[in-house]
$ cat start19.txt   # compact mmCIF, C-alpha atoms
# COMPACT_ATOMS: atom_id res chain seq x y z
CA MET A 59 167.03 -29.25 -48.95
CA ASP A 60 167.31 -30.57 -45.39
CA GLU A 61 169.47 -33.73 -45.23
CA SER A 62 167.24 -35.34 -42.61
CA ALA A 63 164.28 -35.30 -45.03
CA ARG A 64 166.03 -37.33 -47.70
CA PRO A 65 165.89 -40.81 -46.07
CA ALA A 66 162.20 -40.40 -45.31
CA ASP A 67 161.54 -39.32 -48.90
CA ARG A 68 163.38 -42.37 -50.17
CA LEU A 69 161.43 -44.72 -47.91
CA SER A 70 158.08 -43.31 -48.97
CA ALA A 71 159.09 -43.62 -52.63
CA VAL A 72 160.03 -47.30 -52.34
CA PRO A 73 157.56 -49.25 -54.47
CA PRO A 74 155.86 -52.36 -53.08
CA THR A 75 157.94 -55.52 -53.24
CA SER A 76 155.58 -58.28 -52.16
CA ALA A 77 154.13 -60.35 -54.98
CA GLU A 78 150.64 -59.61 -53.70
CA ASP A 79 151.19 -55.83 -53.81
CA LEU A 80 152.75 -56.10 -57.25
CA MET A 81 149.85 -58.22 -58.50
CA ALA A 82 147.40 -55.56 -57.36
CA LEU A 83 149.30 -53.05 -59.51
CA VAL A 84 149.52 -55.50 -62.41
CA ALA A 85 145.74 -55.90 -62.26
CA LYS A 86 145.57 -52.14 -62.91
CA GLY A 87 147.80 -52.51 -65.98
CA ASP A 88 151.10 -51.42 -64.37
CA GLU A 89 153.82 -52.79 -66.67
CA ARG A 90 156.71 -51.88 -64.34
CA ALA A 91 155.03 -53.82 -61.53
CA PHE A 92 154.71 -56.77 -63.90
CA GLU A 93 158.43 -56.56 -64.70
CA ARG A 94 159.22 -56.80 -60.99
CA LEU A 95 156.68 -59.60 -60.48
CA TYR A 96 158.14 -61.42 -63.47
CA ASP A 97 161.61 -61.20 -61.90
CA GLN A 98 160.25 -62.71 -58.68
CA LEU A 99 158.27 -65.54 -60.27
CA ALA A 100 160.22 -66.53 -63.39
CA GLY A 101 162.74 -68.70 -61.54
CA PRO A 102 160.31 -70.73 -59.41
CA VAL A 103 157.86 -71.13 -62.33
CA TYR A 104 160.59 -72.30 -64.72
CA GLY A 105 161.99 -74.67 -62.08
CA LEU A 106 158.64 -76.37 -61.54
CA VAL A 107 157.89 -76.60 -65.26
CA ARG A 108 161.37 -77.97 -65.99
CA ARG A 109 160.89 -80.80 -63.44
CA ILE A 110 157.68 -81.84 -65.21
CA VAL A 111 158.42 -81.14 -68.88
CA ARG A 112 162.18 -81.97 -68.74
CA ASP A 113 163.06 -80.40 -72.11
CA PRO A 114 164.70 -76.97 -71.51
CA ALA A 115 163.27 -75.28 -74.63
CA GLN A 116 159.76 -76.60 -74.00
CA SER A 117 160.07 -75.61 -70.33
CA GLU A 118 161.02 -72.04 -71.25
CA GLU A 119 158.05 -71.86 -73.59
CA VAL A 120 155.59 -73.14 -70.98
CA ALA A 121 157.02 -70.84 -68.27
CA GLN A 122 156.63 -67.88 -70.63
CA GLU A 123 153.02 -68.87 -71.35
CA VAL A 124 152.31 -69.03 -67.60
CA LEU A 125 153.78 -65.59 -66.96
CA VAL A 126 151.84 -64.09 -69.89
CA GLU A 127 148.70 -65.71 -68.49
CA LEU A 128 149.42 -64.05 -65.12
CA TRP A 129 149.56 -60.68 -66.89
CA LYS A 130 146.32 -61.30 -68.78
CA THR A 131 144.39 -62.69 -65.82
CA ALA A 132 145.78 -60.51 -63.02
CA THR A 133 142.32 -59.11 -62.29
CA ARG A 134 141.12 -62.63 -61.39
CA TYR A 135 143.68 -63.05 -58.61
CA SER A 136 142.08 -63.21 -55.18
CA PRO A 137 144.41 -62.83 -52.17
CA GLY A 138 141.93 -64.76 -50.01
CA LYS A 139 142.53 -67.93 -52.02
CA GLY A 140 146.31 -68.02 -51.54
CA SER A 141 149.53 -66.29 -52.38
CA VAL A 142 150.52 -65.08 -55.83
CA LEU A 143 153.36 -67.62 -55.83
CA ASN A 144 150.94 -70.49 -55.15
CA TRP A 145 148.61 -69.25 -57.87
CA ALA A 146 151.49 -68.99 -60.34
CA MET A 147 152.76 -72.44 -59.39
CA THR A 148 149.29 -73.94 -59.79
CA LEU A 149 149.04 -72.41 -63.28
CA ALA A 150 152.55 -73.65 -64.08
CA HIS A 151 151.81 -77.18 -62.90
CA ARG A 152 148.63 -77.38 -64.96
CA ARG A 153 150.29 -75.97 -68.09
CA ALA A 154 153.27 -78.29 -67.74
CA VAL A 155 151.08 -81.37 -67.26
CA ASP A 156 148.98 -80.34 -70.27
CA ARG A 157 152.15 -79.96 -72.36
CA VAL A 158 153.41 -83.40 -71.34
CA ARG A 159 150.05 -85.02 -72.06
CA SER A 160 149.84 -83.28 -75.42
CA ALA A 161 153.37 -84.37 -76.34
CA ARG A 162 152.65 -87.97 -75.32
CA ALA A 163 149.42 -88.05 -77.31
CA SER A 164 151.19 -86.60 -80.34
CA THR A 165 154.02 -89.11 -80.05
CA GLU A 166 151.55 -91.95 -79.68
CA ARG A 167 149.59 -90.82 -82.76
CA GLU A 168 152.81 -90.60 -84.79
CA ARG A 169 153.93 -94.00 -83.56
CA LYS A 170 150.64 -95.60 -84.54
CA ALA A 171 150.60 -93.87 -87.92
CA THR A 172 154.18 -94.95 -88.64
CA PHE A 173 153.46 -98.50 -87.52
CA GLU A 174 150.37 -98.77 -89.68
CA ALA A 175 152.08 -97.22 -92.69
CA ALA A 176 154.91 -99.75 -92.36
CA ARG A 177 152.49 -102.64 -92.10
CA GLY A 178 150.37 -101.43 -94.99
CA ARG A 179 147.13 -102.49 -93.40
CA PRO A 180 144.46 -100.79 -91.26
CA PHE A 181 144.95 -100.31 -87.56
CA ASP A 182 143.70 -103.28 -85.59
CA GLU A 183 141.08 -101.69 -83.34
CA VAL A 184 140.20 -105.00 -81.66
CA ALA A 185 143.80 -105.65 -80.60
CA GLU A 186 144.16 -102.06 -79.35
CA SER A 187 140.91 -102.32 -77.42
CA VAL A 188 142.01 -105.57 -75.76
CA ALA A 189 145.43 -104.13 -74.89
CA THR A 190 143.83 -101.01 -73.41
CA ARG A 191 141.46 -103.10 -71.28
CA LEU A 192 144.35 -105.25 -70.06
CA GLU A 193 146.37 -102.15 -69.12
CA ARG A 194 143.40 -100.66 -67.26
CA SER A 195 142.83 -103.93 -65.44
CA GLN A 196 146.48 -104.09 -64.41
CA VAL A 197 146.41 -100.47 -63.16
CA ARG A 198 143.21 -101.15 -61.17
CA ARG A 199 144.81 -104.27 -59.67
CA CYS A 200 147.94 -102.32 -58.72
CA LEU A 201 145.91 -99.47 -57.23
CA LYS A 202 144.39 -102.03 -54.85
CA THR A 203 147.90 -102.75 -53.48
CA LEU A 204 148.17 -99.17 -52.18
CA THR A 205 147.03 -98.10 -48.76
CA GLU A 206 143.71 -96.27 -48.71
CA LEU A 207 145.49 -92.96 -48.05
CA GLN A 208 147.95 -93.47 -50.91
CA ARG A 209 145.17 -94.51 -53.27
CA GLU A 210 143.08 -91.43 -52.42
CA SER A 211 146.04 -89.13 -53.00
CA VAL A 212 147.05 -90.77 -56.30
CA LEU A 213 143.49 -90.78 -57.65
CA LEU A 214 142.96 -87.11 -56.80
CA ALA A 215 146.31 -85.98 -58.20
CA TYR A 216 146.64 -88.11 -61.31
CA TYR A 217 143.11 -89.01 -62.30
CA GLN A 218 141.27 -85.86 -61.25
CA GLY A 219 144.09 -83.38 -61.93
CA TYR A 220 144.35 -81.87 -58.45
CA THR A 221 147.56 -80.12 -57.35
CA TYR A 222 149.36 -81.10 -54.13
CA ARG A 223 147.73 -78.15 -52.38
CA GLU A 224 144.25 -79.08 -53.65
CA VAL A 225 144.73 -82.73 -52.62
CA ALA A 226 145.86 -81.54 -49.18
CA ASP A 227 142.78 -79.31 -48.92
CA VAL A 228 140.38 -82.09 -50.00
CA LEU A 229 141.93 -84.63 -47.63
CA GLU A 230 142.45 -82.02 -44.89
CA THR A 231 146.07 -83.17 -44.64
CA PRO A 232 149.38 -81.24 -44.64
CA GLN A 233 150.97 -80.85 -48.09
CA GLY A 234 154.15 -82.62 -46.99
CA THR A 235 152.14 -85.66 -45.96
CA VAL A 236 150.33 -85.66 -49.30
CA LYS A 237 153.64 -85.49 -51.20
CA THR A 238 154.99 -88.42 -49.18
CA ARG A 239 151.85 -90.48 -49.81
CA LEU A 240 152.01 -89.73 -53.53
CA ARG A 241 155.71 -90.57 -53.77
CA ASP A 242 155.29 -93.84 -51.87
CA GLY A 243 152.15 -94.73 -53.82
CA LEU A 244 153.80 -94.06 -57.18
CA ILE A 245 156.80 -96.17 -56.21
CA ARG A 246 154.47 -99.04 -55.30
CA LEU A 247 152.56 -98.63 -58.58
CA ARG A 248 155.78 -98.56 -60.59
CA ASP A 249 156.97 -101.77 -58.91
CA CYS A 250 153.59 -103.46 -59.34
CA LEU A 251 153.36 -102.50 -63.00
CA GLY A 252 156.96 -103.58 -63.64
CA VAL A 253 157.97 -100.16 -65.00
CA MET A 254 161.69 -99.50 -65.05
CA ALA A 255 162.72 -96.33 -63.16
$ encode --input "start19.txt" --output "structure tokens"
Amino acid sequence: MDESARPADRLSAVPPTSAEDLMALVAKGDERAFERLYDQLAGPVYGLVRRIVRDPAQSEEVAQEVLVELWKTATRYSPGKGSVLNWAMTLAHRRAVDRVRSARASTERERKATFEAARGRPFDEVAESVATRLERSQVRRCLKTLTELQRESVLLAYYQGYTYREVADVLETPQGTVKTRLRDGLIRLRDCLGVMA
């Protein structure tokens, strides 16, 4: 075989390395492409999930769920709507937030059940209703202390479930600006509500 042909053969045999090219192969059921895509995305996905969920074991579980979801839904990926990394990170953010909300709800249910069992009497729905209304009123009051831009960003991200990118798209504002508004707004809310950092 001619030595000069070998490098060209090697170059033509190099499989695609971009996440978008790999996702196109994954959508066709290519397991080896998924392995390579997994290697590219596992670190960033786990990192994002870990920042939200905090618990390492739970974070690994959520990251794994996200990557399995990518495999199962690869045919739904549309390059025109953003990169594979952004899509994966959006899925990861949503899954992580869902896990945190679920854990909080579960903890709250256990706390209430334990409290009521210890007291030996039915849960006081009137007191809970009043406390909930007071908390809502305090949050509404504190939201009014934010600038209009901070309030819009916080409401979209935390009350309507938008990602940073989606908030930036809705407000037609750069993502970095949205992140700064959210951070500043959350700091103001924390201070107003008297929550310890």
$ closest_atom_pairs --input "start19.txt" --of "region 77-157 of chain A" --to "region 216-219 of chain A" --cutoff "10 Å" --atoms "only C-alpha atoms" --output "tab-separated table"
residue	atom	partner	partner_atom	distance
A:His151	CA	A:Gly219	CA	9.9
A:Arg152	CA	A:Gly219	CA	8.1
A:Val155	CA	A:Gly219	CA	9.0
$ write_last_selection --input "start19.txt" --atoms "C-alpha atoms" --output "short mmCIF file (atom, residue, chain, number, x, y, z; two decimals), in the coordinates of the input"
data_model
loop_
_atom_site.label_atom_id
_atom_site.label_comp_id
_atom_site.auth_asym_id
_atom_site.auth_seq_id
_atom_site.Cartn_x
_atom_site.Cartn_y
_atom_site.Cartn_z
CA HIS A 151 151.81 -77.18 -62.90
CA ARG A 152 148.63 -77.38 -64.96
CA VAL A 155 151.08 -81.37 -67.26
#
$ atom_distance --input "start19.txt" --atom1 "CA of Thr238 (chain A)" --atom2 "CA of Val197 (chain A)"
20.4 Å
$ closest_residue --input "start19.txt" --among "A:Leu83, A:Ala161, A:Leu128, A:Ile245" --to "Arg112 (chain A)" --atoms "all atoms listed in the file"
A:Ala161
$ residues_around --input "start19.txt" --residues "Val225 (chain A)" --least-positions-apart "5" --cutoff "10 Å" --atoms "all atoms listed in the file" --output "list in words"
Glu210, Ser211, Val212, Leu213, Leu214, Ala215, Gln218, Gly219, Tyr220, Glu230, Thr231, Pro232, Gln233, Val236 and Lys237 of chain A
$ write_last_selection --input "start19.txt" --atoms "C-alpha atoms" --output "short mmCIF file (atom, residue, chain, number, x, y, z; two decimals), keeping the file's coordinate frame"
data_model
loop_
_atom_site.label_atom_id
_atom_site.label_comp_id
_atom_site.auth_asym_id
_atom_site.auth_seq_id
_atom_site.Cartn_x
_atom_site.Cartn_y
_atom_site.Cartn_z
CA GLU A 210 143.08 -91.43 -52.42
CA SER A 211 146.04 -89.13 -53.00
CA VAL A 212 147.05 -90.77 -56.30
CA LEU A 213 143.49 -90.78 -57.65
CA LEU A 214 142.96 -87.11 -56.80
CA ALA A 215 146.31 -85.98 -58.20
CA GLN A 218 141.27 -85.86 -61.25
CA GLY A 219 144.09 -83.38 -61.93
CA TYR A 220 144.35 -81.87 -58.45
CA GLU A 230 142.45 -82.02 -44.89
CA THR A 231 146.07 -83.17 -44.64
CA PRO A 232 149.38 -81.24 -44.64
CA GLN A 233 150.97 -80.85 -48.09
CA VAL A 236 150.33 -85.66 -49.30
CA LYS A 237 153.64 -85.49 -51.20
#
$ closest_residue --input "start19.txt" --among "A:Glu206, A:Glu123, A:Glu89, A:Asp156" --to "Val111 (chain A)" --atoms "all atoms listed in the file"
A:Asp156
$ decode --input "start19.txt" --residues "region 199-214 of chain A" --atoms "all heavy atoms" --output "PDB file, in the first residue's frame"
ATOM      1  N   ARG A 199     -44.610  41.520  49.166  1.00  0.00           N
ATOM      2  CA  ARG A 199     -44.063  42.792  49.638  1.00  0.00           C
ATOM      3  C   ARG A 199     -42.589  42.907  49.266  1.00  0.00           C
ATOM      4  O   ARG A 199     -42.134  43.934  48.769  1.00  0.00           O
ATOM      5  CB  ARG A 199     -44.233  42.910  51.157  1.00  0.00           C
ATOM      6  CG  ARG A 199     -43.702  44.212  51.740  1.00  0.00           C
ATOM      7  CD  ARG A 199     -43.864  44.267  53.256  1.00  0.00           C
ATOM      8  NE  ARG A 199     -43.260  43.151  53.959  1.00  0.00           N
ATOM      9  CZ  ARG A 199     -41.953  43.047  54.208  1.00  0.00           C
ATOM     10  NH1 ARG A 199     -41.110  43.966  53.803  1.00  0.00           N
ATOM     11  NH2 ARG A 199     -41.482  42.005  54.876  1.00  0.00           N
ATOM     12  N   CYS A 200     -41.837  41.833  49.441  1.00  0.00           N
ATOM     13  CA  CYS A 200     -40.401  41.864  49.132  1.00  0.00           C
ATOM     14  C   CYS A 200     -40.154  41.939  47.629  1.00  0.00           C
ATOM     15  O   CYS A 200     -39.184  42.573  47.195  1.00  0.00           O
ATOM     16  CB  CYS A 200     -39.712  40.639  49.731  1.00  0.00           C
ATOM     17  SG  CYS A 200     -39.601  40.718  51.540  1.00  0.00           S
ATOM     18  N   LEU A 201     -41.012  41.320  46.833  1.00  0.00           N
ATOM     19  CA  LEU A 201     -40.862  41.422  45.377  1.00  0.00           C
ATOM     20  C   LEU A 201     -40.995  42.872  44.919  1.00  0.00           C
ATOM     21  O   LEU A 201     -40.362  43.299  43.958  1.00  0.00           O
ATOM     22  CB  LEU A 201     -41.888  40.551  44.657  1.00  0.00           C
ATOM     23  CG  LEU A 201     -41.563  39.057  44.554  1.00  0.00           C
ATOM     24  CD1 LEU A 201     -42.773  38.278  44.054  1.00  0.00           C
ATOM     25  CD2 LEU A 201     -40.359  38.821  43.657  1.00  0.00           C
ATOM     26  N   LYS A 202     -41.818  43.646  45.633  1.00  0.00           N
ATOM     27  CA  LYS A 202     -42.000  45.056  45.273  1.00  0.00           C
ATOM     28  C   LYS A 202     -40.746  45.879  45.536  1.00  0.00           C
ATOM     29  O   LYS A 202     -40.594  46.967  44.990  1.00  0.00           O
ATOM     30  CB  LYS A 202     -43.192  45.651  46.036  1.00  0.00           C
ATOM     31  CG  LYS A 202     -44.516  45.126  45.560  1.00  0.00           C
ATOM     32  CD  LYS A 202     -45.666  45.699  46.358  1.00  0.00           C
ATOM     33  CE  LYS A 202     -46.988  45.083  45.903  1.00  0.00           C
ATOM     34  NZ  LYS A 202     -48.103  45.544  46.724  1.00  0.00           N
ATOM     35  N   THR A 203     -39.814  45.368  46.358  1.00  0.00           N
ATOM     36  CA  THR A 203     -38.577  46.107  46.631  1.00  0.00           C
ATOM     37  C   THR A 203     -37.553  45.940  45.506  1.00  0.00           C
ATOM     38  O   THR A 203     -36.554  46.654  45.479  1.00  0.00           O
ATOM     39  CB  THR A 203     -37.922  45.653  47.958  1.00  0.00           C
ATOM     40  OG1 THR A 203     -37.454  44.305  47.814  1.00  0.00           O
ATOM     41  CG2 THR A 203     -38.891  45.769  49.117  1.00  0.00           C
ATOM     42  N   LEU A 204     -37.798  44.996  44.600  1.00  0.00           N
ATOM     43  CA  LEU A 204     -36.873  44.762  43.489  1.00  0.00           C
ATOM     44  C   LEU A 204     -37.104  45.786  42.387  1.00  0.00           C
ATOM     45  O   LEU A 204     -38.192  46.343  42.259  1.00  0.00           O
ATOM     46  CB  LEU A 204     -37.085  43.361  42.903  1.00  0.00           C
ATOM     47  CG  LEU A 204     -36.957  42.172  43.848  1.00  0.00           C
ATOM     48  CD1 LEU A 204     -37.185  40.878  43.080  1.00  0.00           C
ATOM     49  CD2 LEU A 204     -35.596  42.150  44.517  1.00  0.00           C
ATOM     50  N   THR A 205     -36.088  45.981  41.574  1.00  0.00           N
ATOM     51  CA  THR A 205     -36.291  46.814  40.384  1.00  0.00           C
ATOM     52  C   THR A 205     -37.213  46.041  39.441  1.00  0.00           C
ATOM     53  O   THR A 205     -37.355  44.812  39.555  1.00  0.00           O
ATOM     54  CB  THR A 205     -34.956  47.098  39.656  1.00  0.00           C
ATOM     55  OG1 THR A 205     -34.464  45.878  39.115  1.00  0.00           O
ATOM     56  CG2 THR A 205     -33.932  47.744  40.580  1.00  0.00           C
ATOM     57  N   GLU A 206     -37.810  46.740  38.516  1.00  0.00           N
ATOM     58  CA  GLU A 206     -38.716  46.099  37.561  1.00  0.00           C
ATOM     59  C   GLU A 206     -37.996  44.986  36.796  1.00  0.00           C
ATOM     60  O   GLU A 206     -38.542  43.906  36.586  1.00  0.00           O
ATOM     61  CB  GLU A 206     -39.277  47.137  36.586  1.00  0.00           C
ATOM     62  CG  GLU A 206     -40.303  46.578  35.614  1.00  0.00           C
ATOM     63  CD  GLU A 206     -41.564  46.040  36.288  1.00  0.00           C
ATOM     64  OE1 GLU A 206     -41.951  46.552  37.356  1.00  0.00           O
ATOM     65  OE2 GLU A 206     -42.155  45.092  35.759  1.00  0.00           O
ATOM     66  N   LEU A 207     -36.760  45.232  36.390  1.00  0.00           N
ATOM     67  CA  LEU A 207     -35.993  44.253  35.627  1.00  0.00           C
ATOM     68  C   LEU A 207     -35.675  43.019  36.469  1.00  0.00           C
ATOM     69  O   LEU A 207     -35.769  41.888  35.996  1.00  0.00           O
ATOM     70  CB  LEU A 207     -34.701  44.890  35.107  1.00  0.00           C
ATOM     71  CG  LEU A 207     -34.894  46.079  34.168  1.00  0.00           C
ATOM     72  CD1 LEU A 207     -33.566  46.740  33.869  1.00  0.00           C
ATOM     73  CD2 LEU A 207     -35.581  45.646  32.887  1.00  0.00           C
ATOM     74  N   GLN A 208     -35.316  43.233  37.737  1.00  0.00           N
ATOM     75  CA  GLN A 208     -35.037  42.099  38.618  1.00  0.00           C
ATOM     76  C   GLN A 208     -36.314  41.295  38.852  1.00  0.00           C
ATOM     77  O   GLN A 208     -36.299  40.067  38.815  1.00  0.00           O
ATOM     78  CB  GLN A 208     -34.490  42.596  39.964  1.00  0.00           C
ATOM     79  CG  GLN A 208     -33.095  43.150  39.899  1.00  0.00           C
ATOM     80  CD  GLN A 208     -32.683  43.833  41.191  1.00  0.00           C
ATOM     81  OE1 GLN A 208     -33.529  44.230  42.003  1.00  0.00           O
ATOM     82  NE2 GLN A 208     -31.379  43.993  41.385  1.00  0.00           N
ATOM     83  N   ARG A 209     -37.406  42.004  39.104  1.00  0.00           N
ATOM     84  CA  ARG A 209     -38.676  41.335  39.381  1.00  0.00           C
ATOM     85  C   ARG A 209     -39.110  40.471  38.189  1.00  0.00           C
ATOM     86  O   ARG A 209     -39.499  39.325  38.348  1.00  0.00           O
ATOM     87  CB  ARG A 209     -39.756  42.359  39.733  1.00  0.00           C
ATOM     88  CG  ARG A 209     -41.059  41.737  40.189  1.00  0.00           C
ATOM     89  CD  ARG A 209     -42.089  42.722  40.754  1.00  0.00           C
ATOM     90  NE  ARG A 209     -42.133  44.033  40.149  1.00  0.00           N
ATOM     91  CZ  ARG A 209     -41.586  45.133  40.689  1.00  0.00           C
ATOM     92  NH1 ARG A 209     -40.951  45.089  41.829  1.00  0.00           N
ATOM     93  NH2 ARG A 209     -41.664  46.297  40.057  1.00  0.00           N
ATOM     94  N   GLU A 210     -39.011  41.037  36.977  1.00  0.00           N
ATOM     95  CA  GLU A 210     -39.370  40.274  35.773  1.00  0.00           C
ATOM     96  C   GLU A 210     -38.531  39.006  35.670  1.00  0.00           C
ATOM     97  O   GLU A 210     -39.063  37.917  35.423  1.00  0.00           O
ATOM     98  CB  GLU A 210     -39.114  41.103  34.508  1.00  0.00           C
ATOM     99  CG  GLU A 210     -40.172  42.103  34.171  1.00  0.00           C
ATOM    100  CD  GLU A 210     -39.803  42.854  32.891  1.00  0.00           C
ATOM    101  OE1 GLU A 210     -38.629  43.210  32.698  1.00  0.00           O
ATOM    102  OE2 GLU A 210     -40.727  43.072  32.096  1.00  0.00           O
ATOM    103  N   SER A 211     -37.242  39.135  35.879  1.00  0.00           N
ATOM    104  CA  SER A 211     -36.341  37.988  35.761  1.00  0.00           C
ATOM    105  C   SER A 211     -36.659  36.934  36.812  1.00  0.00           C
ATOM    106  O   SER A 211     -36.740  35.744  36.512  1.00  0.00           O
ATOM    107  CB  SER A 211     -34.877  38.439  35.900  1.00  0.00           C
ATOM    108  OG  SER A 211     -34.539  39.330  34.864  1.00  0.00           O
ATOM    109  N   VAL A 212     -36.851  37.351  38.050  1.00  0.00           N
ATOM    110  CA  VAL A 212     -37.146  36.412  39.146  1.00  0.00           C
ATOM    111  C   VAL A 212     -38.477  35.704  38.907  1.00  0.00           C
ATOM    112  O   VAL A 212     -38.590  34.490  39.066  1.00  0.00           O
ATOM    113  CB  VAL A 212     -37.139  37.133  40.513  1.00  0.00           C
ATOM    114  CG1 VAL A 212     -37.725  36.251  41.606  1.00  0.00           C
ATOM    115  CG2 VAL A 212     -35.724  37.574  40.874  1.00  0.00           C
ATOM    116  N   LEU A 213     -39.492  36.453  38.508  1.00  0.00           N
ATOM    117  CA  LEU A 213     -40.809  35.850  38.280  1.00  0.00           C
ATOM    118  C   LEU A 213     -40.758  34.826  37.150  1.00  0.00           C
ATOM    119  O   LEU A 213     -41.344  33.742  37.264  1.00  0.00           O
ATOM    120  CB  LEU A 213     -41.856  36.927  37.987  1.00  0.00           C
ATOM    121  CG  LEU A 213     -42.209  37.841  39.171  1.00  0.00           C
ATOM    122  CD1 LEU A 213     -43.150  38.957  38.734  1.00  0.00           C
ATOM    123  CD2 LEU A 213     -42.818  37.050  40.313  1.00  0.00           C
ATOM    124  N   LEU A 214     -40.059  35.149  36.069  1.00  0.00           N
ATOM    125  CA  LEU A 214     -39.963  34.207  34.951  1.00  0.00           C
ATOM    126  C   LEU A 214     -39.184  32.954  35.345  1.00  0.00           C
ATOM    127  O   LEU A 214     -39.588  31.836  35.028  1.00  0.00           O
ATOM    128  CB  LEU A 214     -39.294  34.873  33.739  1.00  0.00           C
ATOM    129  CG  LEU A 214     -40.140  35.901  32.995  1.00  0.00           C
ATOM    130  CD1 LEU A 214     -39.288  36.653  31.980  1.00  0.00           C
ATOM    131  CD2 LEU A 214     -41.314  35.235  32.301  1.00  0.00           C
TER     132      LEU A 214
END
